[in-house]
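*Asks:* Pasting structure-v2.txt below, which is compact mmCIF, C-alpha atoms.
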# COMPACT_ATOMS: atom_id res chain seq x y z
CA MET A 295 8.85 45.36 -62.97
CA THR A 296 5.84 45.53 -65.31
CA GLU A 297 5.76 46.99 -68.79
CA ASP A 298 3.80 50.03 -67.58
CA GLU A 299 6.38 51.01 -64.98
CA PRO A 300 8.95 53.52 -66.23
CA VAL A 301 12.61 52.52 -66.23
CA THR A 302 14.52 54.95 -64.02
CA GLU A 303 18.08 55.76 -64.97
CA PRO A 304 20.73 56.00 -62.21
CA HIS A 305 21.68 59.47 -61.08
CA PRO A 306 24.53 60.99 -63.14
CA LEU A 307 26.69 61.22 -60.01
CA THR A 308 26.07 57.52 -59.33
CA GLN A 309 26.99 56.65 -62.90
CA TYR A 310 30.18 58.71 -62.64
CA LEU A 311 31.18 57.01 -59.39
CA GLN A 312 30.50 53.59 -60.88
CA ARG A 313 32.64 54.35 -63.94
CA LEU A 314 35.40 55.73 -61.72
CA THR A 315 35.31 52.64 -59.51
CA GLN A 316 35.45 50.35 -62.53
CA ARG A 317 38.45 52.23 -63.91
CA VAL A 318 40.27 52.03 -60.58
CA ARG A 319 39.59 48.30 -60.32
CA ALA A 320 40.69 47.75 -63.90
CA PHE A 321 43.92 49.64 -63.24
CA ASP A 322 44.45 47.59 -60.07
CA ARG A 323 44.00 44.34 -62.02
CA ARG A 324 46.35 45.42 -64.81
CA ARG A 325 49.06 46.99 -62.64
CA PRO A 326 48.71 45.82 -59.02
CA ILE A 327 52.26 46.81 -58.06
CA ALA A 328 51.84 50.33 -59.45
CA TRP A 329 48.53 50.70 -57.60
CA ASP A 330 50.09 49.51 -54.33
CA VAL A 331 52.92 52.01 -54.73
CA LEU A 332 50.48 54.86 -55.37
CA VAL A 333 48.32 53.98 -52.36
CA THR A 334 51.37 53.62 -50.13
CA ALA A 335 52.82 56.91 -51.37
CA PHE A 336 49.55 58.65 -50.50
CA PHE A 337 49.53 57.38 -46.92
CA VAL A 338 53.26 57.98 -46.44
CA THR A 339 52.79 61.58 -47.57
CA ALA A 340 49.82 62.04 -45.24
CA ALA A 341 51.76 60.54 -42.31
CA LEU A 342 54.81 62.73 -42.94
CA ILE A 343 52.65 65.85 -43.23
CA ASP A 344 51.09 65.07 -39.86
CA GLY A 345 54.51 64.19 -38.43
CA ASN A 346 55.87 67.57 -39.56
CA GLY A 347 54.09 69.30 -36.70
CA GLY A 348 50.37 68.62 -36.73
CA TRP A 349 50.78 65.68 -34.35
CA ARG A 350 51.52 68.10 -31.48
CA ASN A 351 47.87 69.22 -31.45
CA THR A 352 46.75 65.82 -30.12
CA ALA A 353 49.95 64.57 -28.47
CA ALA A 354 50.15 63.85 -24.77
CA ASP A 355 53.83 64.86 -24.85
CA PRO A 356 54.73 67.31 -27.65
CA ARG A 357 58.41 67.20 -26.69
CA VAL A 358 59.11 63.96 -28.62
CA ALA A 359 62.11 64.34 -30.94
CA GLN A 360 61.22 65.16 -34.54
CA GLY A 361 63.46 62.41 -35.94
CA GLN A 362 61.73 59.83 -33.79
CA VAL A 363 58.35 61.08 -34.98
CA VAL A 364 59.43 60.75 -38.62
CA LEU A 365 60.63 57.18 -38.06
CA MET A 366 57.37 56.22 -36.34
CA SER A 367 55.37 57.88 -39.15
CA LEU A 368 57.23 55.85 -41.76
CA ALA A 369 56.75 52.65 -39.75
CA LEU A 370 53.01 53.37 -39.60
CA SER A 371 52.60 54.04 -43.33
CA VAL A 372 55.21 52.15 -45.40
CA PRO A 373 53.83 48.68 -44.41
CA VAL A 374 50.68 49.51 -46.40
CA LEU A 375 52.74 48.30 -49.37
CA TRP A 376 52.55 44.74 -47.97
CA ARG A 377 48.86 44.81 -47.08
CA ARG A 378 47.91 42.26 -49.76
CA ARG A 379 50.88 39.90 -49.78
CA HIS A 380 51.81 39.89 -46.08
CA PRO A 381 49.03 41.69 -44.17
CA LEU A 382 49.80 40.18 -40.76
CA VAL A 383 53.47 41.12 -41.04
CA ALA A 384 52.49 44.65 -42.05
CA LEU A 385 50.08 44.91 -39.13
CA ALA A 386 52.75 43.61 -36.72
CA VAL A 387 55.20 46.31 -37.82
CA MET A 388 52.51 48.97 -37.50
CA SER A 389 51.54 47.59 -34.09
CA VAL A 390 55.09 48.04 -32.80
CA ALA A 391 55.15 51.59 -34.18
CA THR A 392 51.78 52.29 -32.56
CA ALA A 393 53.05 51.04 -29.22
CA ALA A 394 56.12 53.26 -29.53
CA SER A 395 53.94 56.25 -30.48
CA ASN A 396 51.67 55.69 -27.49
CA TRP A 397 54.54 55.05 -25.07
CA THR A 398 56.35 58.24 -26.01
CA GLY A 399 53.14 60.27 -25.83
CA ALA A 400 53.24 61.33 -29.51
CA TRP A 401 49.88 59.67 -30.20
CA LEU A 402 50.37 59.94 -33.97
CA GLN A 403 47.21 60.02 -36.04
CA ALA A 404 49.02 57.88 -38.60
CA ALA A 405 48.22 54.92 -36.35
CA LEU A 406 44.76 54.93 -37.94
CA ILE A 407 46.34 53.71 -41.19
CA GLN A 408 46.61 50.25 -39.65
CA PHE A 409 42.87 49.81 -40.16
CA ILE A 410 43.55 49.69 -43.91
CA VAL A 411 45.55 46.53 -43.24
CA VAL A 412 42.81 45.21 -40.92
CA PHE A 413 40.31 45.63 -43.74
CA HIS A 414 42.49 43.57 -46.08
CA ILE A 415 42.92 40.86 -43.44
CA ALA A 416 39.13 40.57 -43.09
CA LEU A 417 38.81 40.63 -46.87
CA ARG A 418 41.47 38.07 -47.85
CA LEU A 419 42.58 35.87 -44.95
CA PRO A 420 40.62 33.20 -43.01
CA LEU A 421 38.26 34.70 -40.45
CA LYS A 422 40.13 33.03 -37.58
CA THR A 423 43.04 35.38 -38.38
CA LEU A 424 40.95 38.29 -37.10
CA GLY A 425 41.73 37.22 -33.52
CA ARG A 426 45.45 37.83 -34.02
CA ALA A 427 44.71 41.03 -35.89
CA ALA A 428 42.56 42.25 -32.99
CA ALA A 429 45.38 41.56 -30.55
CA LEU A 430 47.91 43.41 -32.73
CA THR A 431 45.52 46.37 -33.01
CA VAL A 432 44.25 46.70 -29.43
CA LEU A 433 47.22 45.64 -27.30
CA PRO A 434 49.45 48.60 -28.30
CA MET A 435 46.86 50.87 -26.72
CA ALA A 436 47.77 49.30 -23.37
CA ALA A 437 50.92 51.43 -23.49
CA CYS A 438 48.71 54.47 -23.08
CA VAL A 439 46.87 52.88 -20.16
CA PHE A 440 50.08 52.30 -18.22
CA THR A 441 51.82 55.51 -19.26
CA TYR A 442 48.83 57.88 -19.01
CA PRO A 443 46.34 56.04 -16.79
CA LYS A 444 43.82 58.85 -16.39
CA ASP A 445 40.67 57.82 -18.31
CA SER A 446 42.91 56.00 -20.79
CA TRP A 447 40.73 52.90 -20.97
CA TYR A 448 37.57 54.68 -22.01
CA GLU A 449 39.22 57.28 -24.22
CA LEU A 450 41.67 55.03 -26.09
CA VAL A 451 41.06 51.30 -25.76
CA VAL A 452 37.26 51.22 -26.19
CA PRO A 453 37.25 53.40 -29.35
CA GLN A 454 40.05 51.22 -30.73
CA ILE A 455 37.94 48.10 -30.18
CA TRP A 456 34.92 49.69 -31.83
CA SER A 457 37.00 50.88 -34.78
CA PHE A 458 38.48 47.41 -35.28
CA ALA A 459 35.03 45.82 -35.13
CA LEU A 460 33.54 48.22 -37.68
CA VAL A 461 36.44 47.85 -40.12
CA ALA A 462 36.43 44.06 -39.77
CA LEU A 463 32.68 43.95 -40.40
CA ALA A 464 33.13 46.14 -43.48
CA GLY A 465 35.79 43.77 -44.81
CA ILE A 466 33.59 40.74 -44.12
CA ALA A 467 30.65 42.42 -45.87
CA VAL A 468 32.71 43.19 -48.97
CA ARG A 469 34.12 39.66 -48.89
CA SER A 470 30.62 38.17 -48.70
CA ARG A 471 29.50 40.29 -51.63
CA GLN A 472 32.50 39.23 -53.70
CA ASP A 473 31.89 35.56 -52.85
CA HIS A 474 28.23 35.92 -53.79
CA THR A 475 29.14 37.61 -57.08
CA GLN A 476 31.71 34.92 -57.82
CA ALA A 477 29.12 32.22 -57.09
CA LEU A 478 26.68 33.88 -59.50
CA VAL A 479 29.37 34.11 -62.19
CA GLU A 480 30.29 30.45 -61.70
CA ARG A 481 26.62 29.44 -61.83
CA ALA A 482 26.13 31.42 -65.04
CA ARG A 483 29.19 29.73 -66.52
CA ARG A 484 27.88 26.28 -65.59
CA LEU A 485 24.47 27.10 -67.06
CA GLU A 486 26.14 28.27 -70.26
CA VAL A 487 28.14 25.04 -70.47
CA GLU A 488 25.01 22.98 -69.82
CA ARG A 489 23.13 24.95 -72.47
CA ASP A 490 25.89 24.31 -75.02
CA GLN A 491 25.94 20.63 -74.12
CA GLN A 492 22.17 20.38 -74.51
CA ALA A 493 22.39 22.16 -77.86
CA GLN A 494 25.09 19.73 -79.00
CA LEU A 495 23.03 16.75 -77.86
CA ALA A 496 19.96 18.13 -79.63
CA THR A 497 22.00 18.68 -82.80
CA ALA A 498 23.40 15.16 -82.66
CA ALA A 499 19.91 13.72 -82.13
CA GLU A 500 18.56 15.74 -85.05
CA ARG A 501 21.37 14.64 -87.33
CA THR A 502 20.78 11.02 -86.31
CA ARG A 503 17.11 11.38 -87.14
CA ILE A 504 17.93 12.93 -90.51
CA ALA A 505 20.45 10.20 -91.28
CA ARG A 506 17.85 7.56 -90.41
CA GLU A 507 15.29 9.30 -92.60
CA MET A 508 17.78 9.50 -95.47
CA HIS A 509 18.45 5.81 -95.09
CA ASP A 510 14.71 5.08 -95.25
CA ILE A 511 14.22 7.34 -98.29
CA ILE A 512 17.14 5.90 -100.20
CA GLY A 513 16.38 2.31 -99.25
CA HIS A 514 12.67 2.54 -100.07
CA ASN A 515 13.05 4.41 -103.34
CA LEU A 516 15.91 2.25 -104.57
CA SER A 517 13.84 -0.82 -103.84
CA VAL A 518 10.95 0.65 -105.87
CA ILE A 519 13.28 1.67 -108.71
CA THR A 520 14.88 -1.77 -108.76
CA GLY A 521 11.48 -3.44 -108.93
CA LEU A 522 10.31 -1.13 -111.71
CA ALA A 523 13.51 -1.63 -113.66
CA ASP A 524 13.22 -5.41 -113.42
CA GLY A 525 9.57 -5.24 -114.45
CA GLY A 526 10.30 -2.86 -117.32
CA SER A 527 13.11 -5.03 -118.67
CA TYR A 528 10.83 -8.06 -118.51
CA ALA A 529 7.95 -6.20 -120.22
CA ALA A 530 10.12 -4.55 -122.87
CA ALA A 531 10.07 -7.58 -125.13
CA LYS A 532 6.32 -8.24 -124.97
CA SER A 533 4.69 -4.87 -124.13
CA PRO A 534 6.62 -1.72 -125.01
CA GLU A 535 3.86 0.46 -123.49
CA ARG A 536 4.30 -1.24 -120.09
CA ALA A 537 8.05 -0.76 -120.37
CA ALA A 538 7.56 2.94 -121.07
CA GLN A 539 5.25 3.22 -118.04
CA ALA A 540 7.89 1.51 -115.92
CA LEU A 541 10.54 3.93 -117.11
CA GLU A 542 8.24 6.87 -116.38
CA ALA A 543 7.55 5.53 -112.89
CA ILE A 544 11.30 5.15 -112.36
CA GLY A 545 11.83 8.80 -113.34
CA THR A 546 9.01 9.98 -111.05
CA THR A 547 10.30 7.95 -108.12
CA SER A 548 13.85 9.18 -108.69
CA ARG A 549 12.74 12.82 -108.78
CA GLN A 550 10.77 12.40 -105.55
CA ALA A 551 13.74 10.78 -103.87
CA LEU A 552 16.05 13.57 -105.04
CA ALA A 553 13.62 16.24 -103.78
CA GLU A 554 13.43 14.64 -100.34
CA LEU A 555 17.20 14.25 -100.21
CA ARG A 556 17.67 17.92 -101.12
CA ARG A 557 15.29 18.90 -98.31
CA LEU A 558 17.25 16.87 -95.81
CA LEU A 559 20.60 18.13 -97.07
CA ASP A 560 19.35 21.72 -96.78
CA VAL A 561 18.61 21.06 -93.11
CA LEU A 562 22.06 19.58 -92.59
CA SER A 563 23.77 22.52 -94.28
CA ASP A 564 21.78 25.17 -92.37
CA ASP A 565 24.21 27.50 -90.55
CA THR A 566 21.67 28.66 -87.97
CA PRO A 567 22.80 27.41 -84.50
The structure in this file should be written as structure tokens.

*Replies:*
Amino acid sequence: MTEDEPVTEPHPLTQYLQRLTQRVRAFDRRRPIAWDVLVTAFFVTAALIDGNGGWRNTAADPRVAQGQVVLMSLALSVPVLWRRRHPLVALAVMSVATAASNWTGAWLQAALIQFIVVFHIALRLPLKTLGRAAALTVLPMAACVFTYPKDSWYELVVPQIWSFALVALAGIAVRSRQDHTQALVERARRLEVERDQQAQLATAAERTRIAREMHDIIGHNLSVITGLADGGSYAAAKSPERAAQALEAIGTTSRQALAELRRLLDVLSDDTP
């Protein structure tokens, strides 16, 4: 971007969404258990609302007992609580509930909640784990193929495979972005450490130079003062004027040495980093 190009501000809606996302992430970092409970409560409520009667609109057999539907709804939503600590276990429980839902003909929409767990598996676990996750997600749909064989493969299994693939890719994309961001943060930290080390080395080298210069100033001027003092004491008895000149030269040399030492000490005492 050049100096002539105007700086465009993000759209207010974009800024609001970014602030909201940052607040949610901050709350998740501070209180992960509370956030997990809230998320699980949301999906449990949604599953129970659908299990209260809405499931009959899409069910292959609307005569399934209500108590059985409630149990399957809970089994499809409560495991969301374990999605971060034990995602494969959560997906296994949801897979059994999905198989039961398909076998009975209830075809509960709460089965879609398992893709939340699939996303976390792609986000947190090794990529080789996705094979087991795919089996746990797709195999329960085989119950529909055997129980309701008419067009079951195309209507149920293929969409399930596509849904798993899309969710897994989304998790991998977010994971790659997080890894890239973490790498940038680590690189910035290393650069900061290297910069501080270089600054410390430069400071040490400068102080060494100043100490060497102080040694030269003190050594040279003391040698001159010593010579002048010896000469002045020798000339004091025979030529008072020469002794006075020697004393004056000693004073001048001392003042010059003090001025140079003050300059160096001012550099040493400078607080600027």

*Asks:* Closest to A:Arg377 among A:Leu365, A:Val390, A:Val412, A:Leu307, using only C-alpha atoms?

*Replies:*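 Answer, going by the shortest atom-to-atom distance: A:Val412.
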
*Asks:* Between atom CA of A:Phe409 and atom CA of A:Arg426, what is the distance in Å, rounded to a tenth?

*Replies:* 13.7 Å

*Asks:* When distances are computed from all atoms listed in the file, which of A:Arg549, A:His414, A:Arg317, A:Arg557 shows the smallest separation from A:Val468?

*Replies:*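 Using all atoms listed in the file, the shortest distance to A:Val468 belongs to A:His414.
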
*Asks:* May I ask which of the residues A:Gln454, A:Thr547, A:Gln309, A:Thr497 is the closest one to A:Ile511, counting only C-alpha atoms?

*Replies:*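 For A:Ile511, the nearest of the given residues is A:Thr547.
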
*Asks:* Using Å and a single decimal, report how far atom CA of A:Gly525 sits from atom CA of A:Ala505.

*Replies:*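 Atom-to-atom, atom CA of A:Ala505 and atom CA of A:Gly525 are spaced 29.9 Å apart.
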
*Asks:* What does the distance from atom CA of A:Thr334 to atom CA of A:Leu417 come to in Å, to one decimal?

*Replies:*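 According to the coordinates, atom CA of A:Thr334 and atom CA of A:Leu417 are separated by 18.4 Å.
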
*Asks:* With distances taken over all atoms listed in the file, which residue among A:Glu554, A:Ala437, A:Gln491, A:Ala459 lies nearest A:His509?

*Replies:* A:Glu554

*Asks:* Find the residues near stretch 336-343 of chain A: any atom within 8 Å, counting all atoms listed in the file, skip ones fewer than 3 places away on the same chain, and give them as a ChimeraX atom specification.

*Replies:* /A:332-333,346-348,364,367-368,370-372,374,403-404,407

*Asks:* Restrict the selected residues to C-alpha atoms and save them as a PDB file, in the coordinates of the input.

*Replies:*
ATOM      1  CA  LEU A 332      50.480  54.860 -55.370  1.00  0.00           C
ATOM      2  CA  VAL A 333      48.320  53.980 -52.360  1.00  0.00           C
ATOM      3  CA  ASN A 346      55.870  67.570 -39.560  1.00  0.00           C
ATOM      4  CA  GLY A 347      54.090  69.300 -36.700  1.00  0.00           C
ATOM      5  CA  GLY A 348      50.370  68.620 -36.730  1.00  0.00           C
ATOM      6  CA  VAL A 364      59.430  60.750 -38.620  1.00  0.00           C
ATOM      7  CA  SER A 367      55.370  57.880 -39.150  1.00  0.00           C
ATOM      8  CA  LEU A 368      57.230  55.850 -41.760  1.00  0.00           C
ATOM      9  CA  LEU A 370      53.010  53.370 -39.600  1.00  0.00           C
ATOM     10  CA  SER A 371      52.600  54.040 -43.330  1.00  0.00           C
ATOM     11  CA  VAL A 372      55.210  52.150 -45.400  1.00  0.00           C
ATOM     12  CA  VAL A 374      50.680  49.510 -46.400  1.00  0.00           C
ATOM     13  CA  GLN A 403      47.210  60.020 -36.040  1.00  0.00           C
ATOM     14  CA  ALA A 404      49.020  57.880 -38.600  1.00  0.00           C
ATOM     15  CA  ILE A 407      46.340  53.710 -41.190  1.00  0.00           C
TER      16      ILE A 407
END

*Asks:* Can you tell me which residues surround A:Gly399 at a distance of at most 10 Å, considering all atoms listed in the file, apart from same-chain residues fewer than 5 positions away, and format the answer as a ChimeraX atom specification?

*Replies:* /A:350,352-358,393-394,437-438,441-442

*Asks:* Please return the centre and edge lengths, in Å to one decimal, of a box with edges along x, y and z that contains all listed atoms of stretch 341-357 of chain A, widened by 5 Å on every side, as lines of an AutoDock Vina configuration file.

*Replies:*
center_x = 52.6
center_y = 64.9
center_z = -34.0
size_x = 21.7
size_y = 18.8
size_z = 28.5

*Asks:* Return the single residue from A:Leu419, A:Ala427, A:Leu485, A:Ile504 that is closest to A:Ile466, with distances computed using all atoms listed in the file.

*Replies:*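 Of all the options, A:Leu419 lies closest to A:Ile466.
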
*Asks:* Residues within 12 Å of (40.8, 54.7, -28.3), file coordinates, counting all atoms listed in the file: what are they? Give the list as a list in words.

*Replies:*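 Answer for this query, in the requested form: Asn396, Trp401, Gln403, Ala405, Leu406, Thr431, Val432, Leu433, Pro434, Met435, Ala436, Ala437, Cys438, Val439, Asp445, Ser446, Trp447, Tyr448, Glu449, Leu450, Val451, Val452, Pro453, Gln454, Ile455, Trp456, Ser457 and Phe458 of chain A.
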
*Asks:* Of the candidates A:Arg503, A:His474, A:Arg481, A:Arg418, which shows the shortest atom-to-atom distance to A:Ala462, using only C-alpha atoms?

*Replies:*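 Between A:Arg503, A:His474, A:Arg481, A:Arg418, the residue approaching A:Ala462 most closely is A:Arg418.
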